[in-house]
Structure formats: C-alpha cells, structure tokens
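Structure data follow from structure-v6.txt (compact mmCIF, C-alpha atoms):
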# COMPACT_ATOMS: atom_id res chain seq x y z
CA MET C 1 84.85 -294.41 -95.41
CA ILE C 2 82.97 -293.67 -92.24
CA VAL C 3 86.23 -293.16 -90.45
CA ILE C 4 87.40 -290.65 -93.04
CA LEU C 5 84.12 -288.75 -92.97
CA THR C 6 84.18 -288.67 -89.20
CA ALA C 7 87.74 -287.49 -89.33
CA VAL C 8 86.81 -284.67 -91.71
CA VAL C 9 83.72 -283.71 -89.72
CA VAL C 10 85.67 -283.67 -86.51
CA ALA C 11 88.68 -282.05 -88.08
CA VAL C 12 86.79 -279.15 -89.61
CA PRO C 13 85.39 -277.77 -86.40
CA LEU C 14 88.59 -278.54 -84.59
CA ARG C 15 90.64 -276.71 -87.17
CA GLY C 16 87.93 -274.10 -87.73
CA ALA C 17 87.32 -273.16 -84.10
CA PRO C 18 90.68 -271.49 -83.42
CA GLN C 19 90.58 -269.82 -86.82
CA THR C 20 87.15 -268.35 -86.11
CA SER C 21 87.99 -267.02 -82.66
CA ASP C 22 91.20 -265.60 -84.12
CA GLU C 23 89.20 -263.86 -86.82
CA VAL C 24 86.74 -262.58 -84.24
CA LEU C 25 89.61 -261.21 -82.21
CA LYS C 26 91.12 -259.57 -85.25
CA SER C 27 87.77 -258.17 -86.24
CA LEU C 28 87.27 -256.88 -82.71
CA GLU C 29 90.72 -255.32 -82.79
CA ARG C 30 89.84 -253.63 -86.06
CA ASP C 31 86.57 -252.38 -84.57
CA VAL C 32 88.34 -251.04 -81.47
CA GLN C 33 90.93 -249.36 -83.67
CA ALA C 34 88.18 -247.78 -85.77
CA LEU C 35 86.40 -246.60 -82.63
CA LYS C 36 89.62 -245.13 -81.29
CA GLU C 37 90.22 -243.28 -84.54
CA GLY C 38 86.63 -242.08 -84.49
CA GLN C 39 87.05 -240.81 -80.96
CA VAL C 40 90.22 -238.94 -81.87
CA ARG C 41 88.37 -237.39 -84.81
CA ILE C 42 85.44 -236.38 -82.57
CA GLN C 43 87.79 -234.90 -80.00
CA ARG C 44 89.54 -232.92 -82.69
CA GLU C 45 86.21 -231.62 -84.01
CA LEU C 46 85.08 -230.77 -80.47
CA GLN C 47 88.27 -228.80 -79.94
CA GLU C 48 87.67 -226.93 -83.19
CA ILE C 49 84.11 -226.13 -82.10
CA LYS C 50 85.37 -224.95 -78.71
CA THR C 51 87.92 -222.72 -80.38
CA LEU C 52 85.23 -221.26 -82.63
CA LEU C 53 82.94 -220.68 -79.66
CA GLN C 54 85.68 -218.94 -77.70
CA ARG C 55 86.60 -216.58 -80.51
CA PRO C 56 83.61 -214.17 -80.57
CA PRO C 57 83.95 -212.97 -76.93
CA GLN C 58 87.66 -212.39 -77.47
CA ALA C 59 86.87 -210.26 -80.49
CA ALA C 60 84.16 -208.38 -78.60
CA ALA C 61 86.38 -207.39 -75.67
CA PRO C 62 89.90 -206.82 -76.99
CA THR C 63 92.51 -205.75 -74.48
CA GLU C 64 94.30 -203.76 -77.16
CA PRO C 65 91.69 -202.34 -79.50
CA GLU C 66 93.16 -202.31 -82.95
CA ASN C 67 93.16 -199.13 -84.94
CA LEU C 68 91.50 -197.23 -82.13
CA VAL C 69 91.63 -193.54 -82.87
CA PHE C 70 90.40 -190.73 -80.66
CA ALA C 71 89.60 -187.27 -81.87
CA LEU C 72 91.28 -184.69 -79.66
CA ALA C 73 88.63 -182.06 -79.56
CA ASP C 74 87.89 -179.61 -76.83
CA PHE C 75 88.66 -181.83 -73.84
CA PRO C 76 90.17 -180.67 -70.57
CA SER C 77 93.90 -181.26 -70.81
CA ILE C 78 97.24 -180.25 -69.38
CA GLY C 79 100.56 -180.20 -71.13
CA ASP C 80 101.90 -179.04 -74.45
CA ALA C 81 99.25 -179.15 -77.17
CA LYS C 82 102.08 -180.13 -79.55
CA ALA C 83 103.27 -183.11 -77.47
CA LYS C 84 103.56 -186.22 -79.62
CA LEU C 85 102.11 -188.48 -76.95
CA VAL C 86 98.72 -188.21 -75.31
CA LEU C 87 97.37 -189.99 -72.26
CA VAL C 88 93.59 -190.07 -72.19
CA ASP C 89 92.12 -190.81 -68.77
CA PHE C 90 88.51 -192.00 -68.71
CA THR C 91 87.49 -191.12 -65.22
CA ASP C 92 84.63 -191.52 -62.78
CA TYR C 93 84.35 -189.33 -59.70
CA GLN C 94 82.26 -191.54 -57.50
CA MET X 1 100.27 -188.25 -61.19
CA ALA X 2 102.71 -185.74 -59.70
CA GLN X 3 105.64 -187.73 -61.08
CA LEU X 4 103.92 -188.09 -64.43
CA GLU X 5 103.44 -184.36 -64.48
CA SER X 6 107.03 -183.41 -63.66
CA GLU X 7 108.65 -186.09 -65.79
CA TYR X 8 106.55 -186.09 -68.93
CA ILE X 9 103.86 -183.43 -68.98
CA LYS X 10 105.88 -180.39 -67.95
CA THR X 11 108.73 -181.48 -70.21
CA GLY X 12 106.43 -181.33 -73.22
CA LYS X 13 106.55 -185.05 -73.98
CA LEU X 14 103.02 -185.85 -72.95
CA ARG X 15 99.65 -184.25 -72.95
CA TYR X 16 97.14 -185.47 -70.39
CA VAL X 17 93.48 -185.46 -71.33
CA VAL X 18 90.49 -186.22 -69.12
CA ARG X 19 87.33 -187.76 -70.47
CA ASP X 20 84.27 -188.71 -68.45
CA PHE X 21 83.11 -192.23 -67.89
CA PRO X 22 80.54 -192.09 -65.06
CA LEU X 23 79.46 -195.64 -64.26
CA GLU X 24 75.84 -194.69 -63.67
CA ALA X 25 74.66 -198.20 -62.91
CA ILE X 26 76.83 -198.41 -59.79
CA HIS X 27 77.57 -194.71 -59.21
CA PRO X 28 74.31 -192.78 -59.50
CA GLN X 29 75.94 -189.48 -58.50
CA ALA X 30 78.83 -189.72 -60.92
CA PHE X 31 77.11 -188.27 -63.96
CA ARG X 32 76.15 -185.01 -62.25
CA ALA X 33 79.60 -184.83 -60.72
CA ALA X 34 81.07 -185.00 -64.21
CA GLU X 35 78.70 -182.26 -65.35
CA ALA X 36 79.78 -180.21 -62.35
CA THR X 37 83.43 -180.27 -63.43
CA HIS X 38 82.44 -178.82 -66.79
CA CYS X 39 80.39 -176.14 -65.05
CA GLY X 40 83.61 -175.35 -63.21
CA ARG X 41 85.40 -175.23 -66.54
CA ASP X 42 82.91 -172.62 -67.76
CA GLN X 43 84.34 -170.44 -65.02
CA GLY X 44 87.94 -171.37 -65.79
CA LYS X 45 88.23 -173.78 -62.87
CA TYR X 46 87.96 -177.25 -64.34
CA TRP X 47 91.02 -178.70 -62.62
CA GLU X 48 90.12 -177.16 -59.29
CA MET X 49 86.72 -178.79 -59.47
CA HIS X 50 88.18 -182.05 -60.81
CA HIS X 51 90.54 -182.34 -57.84
CA GLN X 52 87.90 -181.18 -55.37
CA LEU X 53 85.43 -183.88 -56.44
CA PHE X 54 88.10 -186.57 -56.48
CA ALA X 55 89.09 -185.63 -52.97
CA ASN X 56 85.46 -185.86 -51.83
CA GLN X 57 84.22 -189.00 -53.52
CA ARG X 58 81.91 -189.78 -50.63
CA SER X 59 80.00 -186.51 -50.76
CA LEU X 60 78.90 -186.11 -54.34
CA ALA X 61 75.14 -185.82 -53.87
CA VAL X 62 73.56 -183.08 -55.95
CA GLY X 63 73.13 -181.11 -52.75
CA ASP X 64 76.85 -181.35 -52.00
CA LEU X 65 77.98 -179.96 -55.34
CA PRO X 66 77.37 -176.24 -54.66
CA GLY X 67 79.50 -176.55 -51.53
CA HIS X 68 82.35 -177.94 -53.62
CA ALA X 69 81.85 -175.14 -56.13
CA GLN X 70 82.14 -172.64 -53.33
CA ALA X 71 85.23 -174.37 -51.92
CA VAL X 72 87.11 -173.86 -55.18
CA GLY X 73 85.93 -170.28 -55.55
CA LEU X 74 83.27 -170.59 -58.20
CA ASP X 75 80.38 -168.20 -58.59
CA VAL X 76 77.89 -170.53 -56.93
CA PRO X 77 74.61 -169.22 -58.40
CA ALA X 78 76.11 -169.33 -61.90
CA PHE X 79 77.41 -172.83 -61.16
CA GLN X 80 73.96 -173.92 -59.95
CA ARG X 81 72.29 -172.52 -63.07
CA CYS X 82 74.79 -174.40 -65.21
CA LEU X 83 74.21 -177.64 -63.31
CA ASP X 84 70.41 -177.27 -63.43
CA SER X 85 70.49 -176.62 -67.16
CA ASN X 86 72.24 -179.94 -67.88
CA LYS X 87 74.07 -178.10 -70.63
CA HIS X 88 77.08 -180.39 -70.33
CA ALA X 89 75.14 -183.66 -70.28
CA VAL X 90 75.61 -184.04 -74.03
CA ARG X 91 79.37 -183.83 -73.63
CA VAL X 92 79.44 -186.38 -70.81
CA ARG X 93 77.22 -188.75 -72.78
CA ALA X 94 79.48 -188.39 -75.81
CA ASP X 95 82.50 -189.32 -73.67
CA LEU X 96 80.61 -192.31 -72.30
CA ALA X 97 79.69 -193.46 -75.79
CA GLU X 98 83.25 -193.13 -77.02
CA GLY X 99 84.56 -194.98 -73.99
CA GLN X 100 82.14 -197.82 -74.60
CA ARG X 101 83.16 -197.95 -78.25
CA ALA X 102 86.76 -198.25 -77.05
CA GLY X 103 85.83 -201.28 -74.95
CA ILE X 104 86.06 -199.73 -71.50
CA SER X 105 84.49 -201.81 -68.77
CA GLY X 106 85.70 -199.96 -65.68
CA THR X 107 87.48 -196.86 -64.50
CA PRO X 108 89.97 -195.53 -64.59
CA THR X 109 91.03 -196.65 -68.05
CA PHE X 110 93.97 -194.94 -69.68
CA PHE X 111 94.73 -194.87 -73.37
CA LEU X 112 98.20 -193.89 -74.39
CA GLY X 113 98.25 -192.68 -77.94
CA ALA X 114 100.50 -191.12 -80.51
CA ILE X 115 99.42 -187.99 -82.33
CA ASP X 116 98.21 -189.02 -85.74
CA GLY X 117 97.57 -186.20 -88.13
CA ASP X 118 95.56 -183.20 -87.09
CA SER X 119 93.98 -183.42 -83.62
CA LYS X 120 93.70 -187.18 -83.63
CA MET X 121 95.54 -189.83 -81.71
CA LYS X 122 96.09 -193.47 -82.40
CA VAL X 123 95.95 -195.65 -79.32
CA VAL X 124 99.10 -197.70 -78.78
CA ARG X 125 98.68 -198.86 -75.19
CA THR X 126 95.78 -199.40 -72.83
CA LEU X 127 96.18 -199.34 -69.05
CA ARG X 128 93.19 -200.59 -67.13
CA GLY X 129 92.54 -199.71 -63.52
CA ALA X 130 94.64 -197.75 -61.09
CA GLN X 131 98.27 -198.31 -61.97
CA PRO X 132 101.54 -197.41 -60.28
CA TYR X 133 103.69 -194.71 -61.81
CA ALA X 134 106.12 -197.39 -63.00
CA ALA X 135 103.45 -198.86 -65.29
CA PHE X 136 102.88 -195.49 -66.97
CA LYS X 137 106.59 -194.84 -67.17
CA ALA X 138 107.26 -198.19 -68.83
CA ALA X 139 104.46 -197.69 -71.36
CA ILE X 140 105.43 -194.10 -72.17
CA ASP X 141 109.15 -194.85 -72.45
CA SER X 142 108.58 -197.79 -74.73
CA VAL X 143 106.45 -195.68 -77.07
CA LEU X 144 108.89 -192.76 -76.95
CA SER X 145 111.77 -195.07 -77.84
CA THR X 146 109.99 -196.30 -80.96
CA GLN X 147 109.30 -192.74 -82.04
CA LYS X 148 112.95 -191.71 -82.13
Represent the supplied structure as structure tokens.
Amino acid sequence: MIVILTAVVVAVPLRGAPQTSDEVLKSLERDVQALKEGQVRIQRELQEIKTLLQRPPQAAAPTEPENLVFALADFPSIGDAKAKLVLVDFTDYQ
Amino acid sequence: MAQLESEYIKTGKLRYVVRDFPLEAIHPQAFRAAEATHCGRDQGKYWEMHHQLFANQRSLAVGDLPGHAQAVGLDVPAFQRCLDSNKHAVRVRADLAEGQRAGISGTPTFFLGAIDGDSKMKVVRTLRGAQPYAAFKAAIDSVLSTQK
C-alpha cells in the first residue's frame, strides 16, 4: 500500500513535470505569437498615421494645381491674342 | 526666350504673358522695380523697361530707376511721378496674391495653359525655376498634340 502510494506520489510529479514545462513553453509560444501579431498591427496603424500626417502638406503645396484657372485681363503680353496656348511667367526683377 | 518667340509666339501658337511676383522678403527692391515696368507701360515701353531691369538686376535701387527709364527713352519726370504715386502697386499686389493662390514659392514660375472660354486659361503644366528651352518645347508640344 505504501509502495503504491509512493509510486503514485513520485509518478505524478515525474509525469507532471515535463507536461507542465511543455505547457509553459506552448503558452509562451502563444504569448510571443500574440505579441508579434500585436506588433504587426501597431506597425500597420503607425504607417496609417504617418500616411495621414503626410497628406496635408502634399495637398497644401501641389506641384500641379488642379483646376487652376487664370483670368487673362490686361496683362503685358506678346503674341497673338487668339493663340490657344498661353504661357504665364511670374517674374521677379531682383 | 528667343527660340520660344520665333518657334511658338511669332507663329501664333502661343501667347506670352508676364505677371509680377516680387519676392519682397528677400528682394526689397523688386516691388518698386515691378511698378517701374508698369510706369514704362504707361508710356508704351513696357518691354523696353522689362528687359532693361532684367539686364540690370544689381542696380534696382529706387534711385537707379530713373536712369533706367532714361536709358529706354521714357519721359523721366512723368515716369518719376508715376513711380512716386504708387499707382501700379495695386496691380503688382494683385499679381502677387494670384501667384500665391497658385502655389508659387519662387521665381520664375511658368504656367502653361489652354484658353478656356472668354479671356480665361486653364493651367495644364507648371514649370518651376529657370528652365532650358527644351523643357518649354516639350511641355508646349505635348499640349499642342492633345489639342489637335
């Protein structure tokens, strides 16, 4: 009876120890995986924020202003007044 | 400019318009110089004055301007009265405001546009800074080819 009990008591930790460390490992792996996924998500969100932050200056200083129309009033010009193309030169003398 | 003139302006394909964009913050004499060209225009000598001031970019102090007026054959006292009156300041400021609205940050800035309705043009290309003739030619030709 004592022998059996001892056997059980000894056997449980002996059998349980590898199981536990295996579970810990698996749990750690799961945690690491979750952290990795979280990091990827954070990076993605950071990128989205960066993109949002970069957009306003681009809109404020367009290289090709859209729908930019100039009135052609009484400005100094040379060439045919009926020419279909106009080159407007914004100039500075100094 | 000479090539642009012979190839596109004199052939009736292109009209060349000058607007003023005096960068006052870095060029304190530029605003009065711009006014001076319009005083020249009052006497029918805008382009003469325009070229004269461009050729003398280092002597554009207010005191130098009458000398330039004289060099291009303007009536100097009338020119001086015009300059002193600041009558063309409104026009120069309006050009500046329109240039700023168009997003100009430096000069020269060129806008190539197609005539759109009555005395209006729609900008189709922007050329920033001094550019070689080839850059203008490429831009103009590409727009002309889409118009045919």
Please identify all residues of chain X having at least one atom at most 6 Å from any atom of chain C, considering all atoms listed in the file, and return them as a PyMOL selection string. chain X and resi 9+12-22+27+30+54+57+107-115+119-123
Compile the contact shell of Leu83 of chain X as a list in words: residues with an atom at most 10 Å away, counting only C-alpha atoms, same-chain residues fewer than 3 positions apart removed.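 Near neighbours after the sequence-gap exclusion: Arg32, Ala33, Glu35, Ala36, Thr37, His38, Cys39, Gly40, Val62, Leu65, Pro66, Pro77, Ala78, Phe79, Gln80, Asn86, Lys87, His88 and Ala89 of chain X.
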d(atom CA of Ala2 of chain X, atom CA of Ala134 of chain X) in Å: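 For atom CA of Ala2 of chain X relative to atom CA of Ala134 of chain X, the distance reads 12.6 Å.
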Which one of X:Leu144, X:Met49, X:Leu127, X:Ala139 sits closest to Gly73 of chain X if you count all atoms listed in the file?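 The closest residue to Gly73 of chain X is X:Met49.
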Go ahead and compute the interatomic distance for atom CA of Arg91 of chain X and atom CA of Asp116 of chain X, in Å to one decimal.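 Separation between atom CA of Arg91 of chain X and atom CA of Asp116 of chain X: 23.0 Å.
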Between atom CA of Ala25 of chain X and atom CA of Asp42 of chain X, what is the distance, to one decimal in Å?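 We find that atom CA of Ala25 of chain X and atom CA of Asp42 of chain X lie 27.3 Å from each other.
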Using only C-alpha atoms for the distances, tell me which of X:Leu96, X:Ile104, X:Val143, X:Ala135 is nearest to Leu4 of chain X. X:Ala135
